[in-house]
>>> print(open('upload-v2.txt').read())   # compact mmCIF, C-alpha atoms
# COMPACT_ATOMS: atom_id res chain seq x y z
CA MET A 1 100.99 167.28 87.14
CA TYR A 2 101.72 163.74 86.01
CA ARG A 3 98.90 163.53 83.48
CA PHE A 4 101.46 163.82 80.68
CA LEU A 5 102.48 160.22 81.49
CA LEU A 6 99.21 159.14 79.85
CA THR A 7 99.97 160.82 76.53
CA PRO A 8 100.82 158.55 73.54
CA ARG A 9 104.43 159.75 73.48
CA TRP A 10 105.00 158.86 77.12
CA TRP A 11 103.18 155.56 76.69
CA GLY A 12 105.77 154.73 74.04
CA ILE A 13 108.64 155.82 76.28
CA ASN A 14 107.33 153.81 79.23
CA VAL A 15 106.77 150.66 77.19
CA PHE A 16 110.28 150.92 75.77
CA VAL A 17 111.76 151.28 79.29
CA LEU A 18 109.69 148.39 80.66
CA LEU A 19 110.93 146.15 77.86
CA ALA A 20 114.54 147.38 77.69
CA ILE A 21 115.41 146.96 81.39
CA PRO A 22 114.42 143.26 81.70
CA PHE A 23 116.11 142.54 78.37
CA CYS A 24 119.40 144.13 79.50
CA VAL A 25 119.24 142.34 82.85
CA PHE A 26 118.53 139.02 81.10
CA MET A 27 121.44 139.45 78.67
CA GLY A 28 123.79 140.49 81.47
CA SER A 29 122.77 137.48 83.56
CA TRP A 30 123.25 135.19 80.56
CA GLN A 31 126.76 136.51 79.89
CA LEU A 32 127.57 136.14 83.60
CA SER A 33 126.38 132.53 83.55
CA ARG A 34 128.65 131.85 80.57
CA PHE A 35 131.62 133.29 82.46
CA GLU A 36 130.76 131.24 85.55
CA GLY A 37 130.45 128.15 83.35
CA ARG A 38 133.94 128.73 81.95
CA VAL A 39 135.30 129.18 85.47
CA GLN A 40 133.67 125.90 86.50
CA ASP A 41 135.05 124.13 83.41
CA HIS A 42 138.51 125.51 84.19
CA ARG A 43 138.29 124.29 87.78
CA ALA A 44 137.07 120.86 86.68
CA ALA A 45 139.80 120.61 84.03
CA THR A 46 142.48 121.52 86.61
CA GLU A 47 141.19 118.93 89.06
CA GLN A 48 140.97 116.32 86.30
CA ALA A 49 144.52 117.04 85.15
CA ALA A 50 145.77 116.46 88.70
CA SER A 51 143.94 113.13 88.95
CA ASP A 52 144.89 112.06 85.41
CA ARG A 53 148.57 112.00 86.32
CA ASP A 54 147.93 109.29 88.93
CA GLU A 55 145.37 107.12 87.15
CA ALA A 56 146.22 103.95 85.27
CA ALA A 57 146.60 104.31 81.51
CA ARG A 58 143.74 102.91 79.43
CA PRO A 59 143.77 101.49 75.90
CA LEU A 60 143.67 104.25 73.28
CA ASP A 61 140.56 103.03 71.44
CA SER A 62 138.50 102.99 74.67
CA MET A 63 139.04 106.74 75.13
CA LEU A 64 138.03 107.92 71.67
CA PRO A 65 136.65 110.24 70.40
CA VAL A 66 138.41 112.95 72.35
CA ASP A 67 136.14 115.30 74.30
CA LYS A 68 136.29 117.31 77.51
CA SER A 69 135.93 114.16 79.61
CA THR A 70 138.76 112.25 77.89
CA SER A 71 141.20 115.01 76.94
CA GLY A 72 144.27 114.77 79.15
CA ARG A 73 143.53 111.19 80.26
CA ARG A 74 146.41 108.73 80.21
CA VAL A 75 146.26 106.19 77.39
CA THR A 76 148.49 103.47 76.06
CA ALA A 77 149.05 102.20 72.52
CA GLU A 78 151.34 99.73 70.78
CA GLY A 79 152.87 99.79 67.36
CA HIS A 80 155.91 100.69 65.29
CA TYR A 81 157.25 104.19 64.83
CA GLY A 82 157.16 105.51 61.28
CA LYS A 83 157.53 108.95 59.72
CA GLN A 84 158.86 111.74 61.93
CA LEU A 85 157.99 115.45 61.71
CA LEU A 86 158.97 118.59 63.58
CA VAL A 87 156.55 121.16 64.99
CA PRO A 88 158.38 124.53 65.14
CA GLY A 89 157.64 127.60 67.22
CA ARG A 90 156.57 125.89 70.44
CA GLU A 91 157.40 127.32 73.86
CA LEU A 92 158.16 125.37 77.02
CA ASP A 93 159.28 126.88 80.34
CA GLY A 94 159.51 130.28 78.65
CA LYS A 95 161.93 129.08 75.97
CA ARG A 96 161.36 128.80 72.21
CA GLY A 97 161.82 125.41 70.59
CA PHE A 98 160.06 122.63 68.70
CA TYR A 99 158.23 119.37 69.22
CA VAL A 100 159.45 116.06 67.85
CA LEU A 101 156.36 114.35 66.44
CA THR A 102 156.54 110.71 65.35
CA LEU A 103 153.72 108.66 63.84
CA LEU A 104 153.01 105.37 65.64
CA ARG A 105 151.63 102.77 63.24
CA THR A 106 149.22 100.57 65.19
CA ASP A 107 147.68 97.18 64.43
CA SER A 108 144.38 98.95 63.67
CA GLY A 109 145.89 100.22 60.44
CA LYS A 110 145.85 103.81 61.65
CA ALA A 111 148.76 105.96 62.77
CA LEU A 112 148.78 107.87 66.05
CA PRO A 113 150.73 111.17 66.21
CA VAL A 114 153.00 110.97 69.26
CA VAL A 115 154.91 113.95 70.64
CA ARG A 116 158.04 112.29 71.96
CA GLY A 117 159.39 115.50 73.46
CA TRP A 118 160.56 119.09 73.10
CA LEU A 119 163.92 120.55 72.14
CA PRO A 120 165.11 124.18 72.35
CA GLY A 121 166.14 126.29 69.38
CA THR A 122 165.26 126.25 65.72
CA ALA A 123 163.62 123.15 64.30
CA ASP A 124 166.40 121.01 62.82
CA PRO A 125 166.04 117.35 61.82
CA ALA A 126 169.66 116.77 62.81
CA LYS A 127 168.81 117.63 66.43
CA ALA A 128 165.82 115.30 66.66
CA PRO A 129 166.64 111.83 68.05
CA ALA A 130 165.59 108.93 65.85
CA PRO A 131 162.65 106.92 67.19
CA PRO A 132 163.21 103.46 68.69
CA ALA A 133 163.09 100.56 66.24
CA GLY A 134 160.78 97.58 66.60
CA GLU A 135 157.50 97.34 68.47
CA VAL A 136 157.01 99.90 71.21
CA THR A 137 154.38 100.69 73.82
CA VAL A 138 153.71 104.38 74.39
CA THR A 139 151.98 105.90 77.40
CA GLY A 140 150.92 109.50 77.63
CA ALA A 141 148.17 112.09 77.77
CA LEU A 142 145.47 112.03 75.11
CA GLN A 143 144.94 115.32 73.27
CA ALA A 144 142.41 116.58 70.71
CA SER A 145 143.58 117.68 67.28
CA GLU A 146 144.82 121.26 67.35
CA THR A 147 143.19 124.14 65.50
CA PRO A 148 145.65 126.43 63.70
CA GLY A 149 145.64 129.92 65.16
CA ASP A 150 144.24 128.91 68.58
CA ASN A 151 146.13 128.85 71.88
CA GLY A 152 149.48 129.61 70.33
CA VAL A 153 149.20 126.99 67.59
CA GLY A 154 150.92 128.20 64.45
CA ALA A 155 148.88 128.88 61.34
CA GLN A 156 151.70 129.73 58.95
CA GLY A 157 152.13 127.85 55.70
CA GLY A 158 155.12 127.25 53.50
CA LEU A 159 157.09 125.34 56.15
CA PRO A 160 160.10 123.27 55.08
CA ALA A 161 159.55 119.61 54.25
CA GLY A 162 159.26 117.50 57.36
CA GLN A 163 157.54 120.21 59.43
CA THR A 164 153.94 120.94 60.40
CA ALA A 165 152.44 123.95 62.17
CA ALA A 166 149.59 122.10 63.90
CA ILE A 167 149.15 118.60 65.25
CA SER A 168 145.88 117.61 63.64
CA SER A 169 144.68 114.97 61.25
CA ALA A 170 143.63 117.70 58.80
CA SER A 171 147.17 119.11 58.71
CA LEU A 172 148.97 115.77 58.68
CA VAL A 173 146.86 113.94 56.11
CA ASN A 174 148.86 115.42 53.23
CA LEU A 175 152.22 114.90 54.94
CA VAL A 176 152.16 111.22 55.87
CA PRO A 177 151.08 108.11 53.93
CA TYR A 178 148.90 106.73 56.75
CA ARG A 179 145.32 106.81 57.88
CA LEU A 180 145.28 108.88 61.05
CA TYR A 181 143.58 109.00 64.41
CA ASP A 182 141.82 112.30 65.07
CA ALA A 183 143.87 112.69 68.24
CA TRP A 184 147.46 112.71 69.45
CA VAL A 185 149.44 111.74 72.53
CA THR A 186 152.19 113.49 74.45
CA LEU A 187 154.45 111.05 76.29
CA ASP A 188 154.59 111.02 80.09
CA LYS A 189 158.38 111.10 79.89
CA GLY A 190 160.39 112.74 77.15
CA ASP A 191 162.08 110.21 74.85
CA ALA A 192 165.85 110.14 74.27
CA GLY A 193 166.64 112.98 76.67
CA MET A 194 164.00 115.38 75.37
CA LYS A 195 161.67 117.30 77.69
CA ALA A 196 158.17 115.95 78.02
CA VAL A 197 155.43 118.24 76.70
CA PRO A 198 152.70 118.85 79.33
CA ALA A 199 149.13 118.09 78.35
CA SER A 200 147.00 121.14 77.62
CA ALA A 201 143.51 121.75 78.95
CA PRO A 202 140.56 120.88 76.68
CA SER A 203 139.40 123.65 74.35
CA GLY A 204 136.91 126.01 75.97
CA THR A 205 137.84 125.17 79.58
CA GLY A 206 140.51 127.81 80.19
CA LEU A 207 140.16 131.34 81.53
CA ASP A 208 141.11 132.79 78.17
CA LEU A 209 140.19 136.02 76.38
CA LYS A 210 136.72 134.72 75.53
CA ALA A 211 135.97 134.10 79.21
CA PHE A 212 136.86 137.66 80.18
CA GLN A 213 134.93 138.96 77.16
CA ASN A 214 131.85 137.33 78.69
CA LEU A 215 132.59 139.14 81.95
CA GLY A 216 133.02 142.43 80.10
CA TYR A 217 129.74 141.96 78.23
CA THR A 218 128.05 141.30 81.58
CA GLY A 219 129.12 144.71 82.83
CA GLU A 220 128.07 146.40 79.59
CA TRP A 221 124.53 145.00 79.70
CA PHE A 222 124.03 146.08 83.32
CA VAL A 223 125.39 149.53 82.46
CA PHE A 224 122.88 149.72 79.58
CA ALA A 225 120.08 148.90 82.04
CA GLY A 226 121.24 151.65 84.37
CA PHE A 227 121.51 154.09 81.46
CA VAL A 228 117.90 153.41 80.42
CA VAL A 229 116.70 154.16 83.97
CA PHE A 230 118.86 157.30 84.12
CA MET A 231 117.50 158.63 80.82
CA TRP A 232 113.89 157.93 81.86
CA PHE A 233 114.31 159.95 85.05
CA ARG A 234 116.07 162.71 83.12
CA LEU A 235 113.20 162.95 80.63
CA LEU A 236 110.70 162.91 83.49
CA ARG A 237 112.48 165.72 85.31
CA ARG A 238 112.67 167.89 82.16
CA GLU A 239 108.97 167.32 81.52
CA LEU A 240 108.08 168.30 85.11
CA GLU A 241 110.21 171.42 84.84
CA PHE A 242 108.44 172.38 81.61
CA GLN A 243 105.01 171.82 83.18
CA ARG A 244 105.97 173.95 86.18
CA ASP A 245 107.29 176.78 83.99
CA ALA A 246 104.12 176.64 81.87
CA ALA A 247 101.95 176.90 85.02
CA LEU A 248 103.92 179.99 86.11
CA GLY A 249 103.52 181.57 82.67
CA LEU A 250 107.22 181.39 81.95
CA VAL A 251 106.73 179.60 78.62
CA PRO A 252 105.74 181.65 75.52
CA GLU A 253 102.28 180.84 74.17
CA ASP A 254 103.65 179.36 70.95
CA GLN A 255 105.64 176.87 73.06
CA GLU A 256 102.86 175.88 75.46
CA ARG A 257 102.80 172.26 74.38
CA THR A 258 104.41 169.16 75.54
CA PRO A 259 108.03 169.49 74.50
CA VAL A 260 110.17 166.89 72.89
CA PRO A 261 113.16 166.97 75.24
CA SER A 262 116.53 166.73 73.62
CA GLY A 263 119.38 164.59 74.95
>>> encode(input="upload-v2.txt", output="structure tokens")
Amino acid sequence: MYRFLLTPRWWGINVFVLLAIPFCVFMGSWQLSRFEGRVQDHRAATEQAASDRDEAARPLDSMLPVDKSTSGRRVTAEGHYGKQLLVPGRELDGKRGFYVLTLLRTDSGKALPVVRGWLPGTADPAKAPAPPAGEVTVTGALQASETPGDNGVGAQGGLPAGQTAAISSASLVNLVPYRLYDAWVTLDKGDAGMKAVPASAPSGTGLDLKAFQNLGYTGEWFVFAGFVVFMWFRLLRRELEFQRDAALGLVPEDQERTPVPSG
């Protein structure tokens, strides 16, 4: 009764099934490992953020370039405050407001973007406190340059003079007359009565939409594997039914051949 499994058509079906199932399982396992990796990165970033708040600040240059291991770490830098910009459309504690971003000119000849704090409402230069004069020492959390459009970072253009949508060297290079560090710092304590801006987790370490997309893809691949098995058994059952009907003479002579079952 099962001799039809040795026909060329069924050889093709069987080979396809034997290849498709391991492939689907492999892809599902790979997507699951990516999700688990993001969960682990998120856990490590959370633990690091908790320890970073208590560790001693280190010199800025010793923590560059910014990566997952240095993002959020406390650093210190000295210099003189220069040009000041506002970063509109930033939320803190569920309220809409703006960052006050001031460039710290260091002895290295480069300027470090420093977020001195957050203020509620519409970005207005009159609301932003002037930076301290003279040499200052800043201490805060090191952050990587932002990417416009990611994690709530604005991507709009045409902002008024003195404003920037993203805190990144690429965005600031045309707004300030300094060479820039490819990083920025948010102060531990807000300056001049402003609220301090909490450090954000390194890119790719949060349980964001991409992480749950990986989990969704995991389910899809395993469903595909199950669907392949289901369809194979369905085809097998239809073939057996046809063979049985043919043996009982229930199939017209012009149809006594191996059928091509439809879906």
>>> closest_atom_pairs(input="upload-v2.txt", of="region 35-130 of chain A", to="region 169-178 of chain A", cutoff="8 Å", atoms="only C-alpha atoms", output="JSON lines")
{"residue": "A:Lys83", "atom": "CA", "partner": "A:Val176", "partner_atom": "CA", "distance": 7.0}
{"residue": "A:Lys110", "atom": "CA", "partner": "A:Tyr178", "partner_atom": "CA", "distance": 6.5}
{"residue": "A:Ala111", "atom": "CA", "partner": "A:Tyr178", "partner_atom": "CA", "distance": 6.1}
>>> write_last_selection(input="upload-v2.txt", atoms="C-alpha atoms", output="PDB file, keeping the file's coordinate frame")
ATOM      1  CA  LYS A  83     157.530 108.950  59.720  1.00  0.00           C
ATOM      2  CA  LYS A 110     145.850 103.810  61.650  1.00  0.00           C
ATOM      3  CA  ALA A 111     148.760 105.960  62.770  1.00  0.00           C
TER       4      ALA A 111
END
>>> closest_residue(input="upload-v2.txt", among="A:Glu241, A:Ala133, A:Arg38, A:Ala192", to="Gln213 (chain A)", atoms="all atoms listed in the file")
A:Arg38
>>> residues_around(input="upload-v2.txt", residues="Gln163 (chain A)", least_positions_apart="2", cutoff="12 Å", atoms="all atoms listed in the file", output="ChimeraX atom specification")
/A:83-89,98-102,122-125,154,156-161,165-167,171-172,174-176
>>> write_last_selection(input="upload-v2.txt", atoms="C-alpha atoms", output="PDB file, in the frame of the given file")
ATOM      1  CA  LYS A  83     157.530 108.950  59.720  1.00  0.00           C
ATOM      2  CA  GLN A  84     158.860 111.740  61.930  1.00  0.00           C
ATOM      3  CA  LEU A  85     157.990 115.450  61.710  1.00  0.00           C
ATOM      4  CA  LEU A  86     158.970 118.590  63.580  1.00  0.00           C
ATOM      5  CA  VAL A  87     156.550 121.160  64.990  1.00  0.00           C
ATOM      6  CA  PRO A  88     158.380 124.530  65.140  1.00  0.00           C
ATOM      7  CA  GLY A  89     157.640 127.600  67.220  1.00  0.00           C
ATOM      8  CA  PHE A  98     160.060 122.630  68.700  1.00  0.00           C
ATOM      9  CA  TYR A  99     158.230 119.370  69.220  1.00  0.00           C
ATOM     10  CA  VAL A 100     159.450 116.060  67.850  1.00  0.00           C
ATOM     11  CA  LEU A 101     156.360 114.350  66.440  1.00  0.00           C
ATOM     12  CA  THR A 102     156.540 110.710  65.350  1.00  0.00           C
ATOM     13  CA  THR A 122     165.260 126.250  65.720  1.00  0.00           C
ATOM     14  CA  ALA A 123     163.620 123.150  64.300  1.00  0.00           C
ATOM     15  CA  ASP A 124     166.400 121.010  62.820  1.00  0.00           C
ATOM     16  CA  PRO A 125     166.040 117.350  61.820  1.00  0.00           C
ATOM     17  CA  GLY A 154     150.920 128.200  64.450  1.00  0.00           C
ATOM     18  CA  GLN A 156     151.700 129.730  58.950  1.00  0.00           C
ATOM     19  CA  GLY A 157     152.130 127.850  55.700  1.00  0.00           C
ATOM     20  CA  GLY A 158     155.120 127.250  53.500  1.00  0.00           C
ATOM     21  CA  LEU A 159     157.090 125.340  56.150  1.00  0.00           C
ATOM     22  CA  PRO A 160     160.100 123.270  55.080  1.00  0.00           C
ATOM     23  CA  ALA A 161     159.550 119.610  54.250  1.00  0.00           C
ATOM     24  CA  ALA A 165     152.440 123.950  62.170  1.00  0.00           C
ATOM     25  CA  ALA A 166     149.590 122.100  63.900  1.00  0.00           C
ATOM     26  CA  ILE A 167     149.150 118.600  65.250  1.00  0.00           C
ATOM     27  CA  SER A 171     147.170 119.110  58.710  1.00  0.00           C
ATOM     28  CA  LEU A 172     148.970 115.770  58.680  1.00  0.00           C
ATOM     29  CA  ASN A 174     148.860 115.420  53.230  1.00  0.00           C
ATOM     30  CA  LEU A 175     152.220 114.900  54.940  1.00  0.00           C
ATOM     31  CA  VAL A 176     152.160 111.220  55.870  1.00  0.00           C
TER      32      VAL A 176
END
>>> residues_around(input="upload-v2.txt", residues="Ser168 (chain A)", least_positions_apart="6", cutoff="7 Å", atoms="all atoms listed in the file", output="PDB file with C-alpha atoms, in the frame of the given file")
ATOM      1  CA  SER A 145     143.580 117.680  67.280  1.00  0.00           C
ATOM      2  CA  GLU A 146     144.820 121.260  67.350  1.00  0.00           C
ATOM      3  CA  ASP A 182     141.820 112.300  65.070  1.00  0.00           C
TER       4      ASP A 182
END
>>> atom_distance(input="upload-v2.txt", atom1="CA of Trp232 (chain A)", atom2="CA of Phe16 (chain A)")
10.0 Å
>>> closest_residue(input="upload-v2.txt", among="A:Leu64, A:Leu180, A:Val75, A:Val17", to="Arg105 (chain A)", atoms="only C-alpha atoms")
A:Leu180
>>> closest_residue(input="upload-v2.txt", among="A:Ala183, A:Leu19, A:Arg74, A:Leu60", to="Pro113 (chain A)", atoms="all atoms listed in the file")
A:Ala183
>>> atom_distance(input="upload-v2.txt", atom1="CA of Phe224 (chain A)", atom2="CA of Ser29 (chain A)")
12.9 Å
>>> atom_distance(input="upload-v2.txt", atom1="CA of Leu5 (chain A)", atom2="CA of Leu235 (chain A)")
11.1 Å
>>> closest_residue(input="upload-v2.txt", among="A:Arg73, A:Gly121, A:Gly190, A:Phe4", to="Glu91 (chain A)", atoms="only C-alpha atoms")
A:Gly121
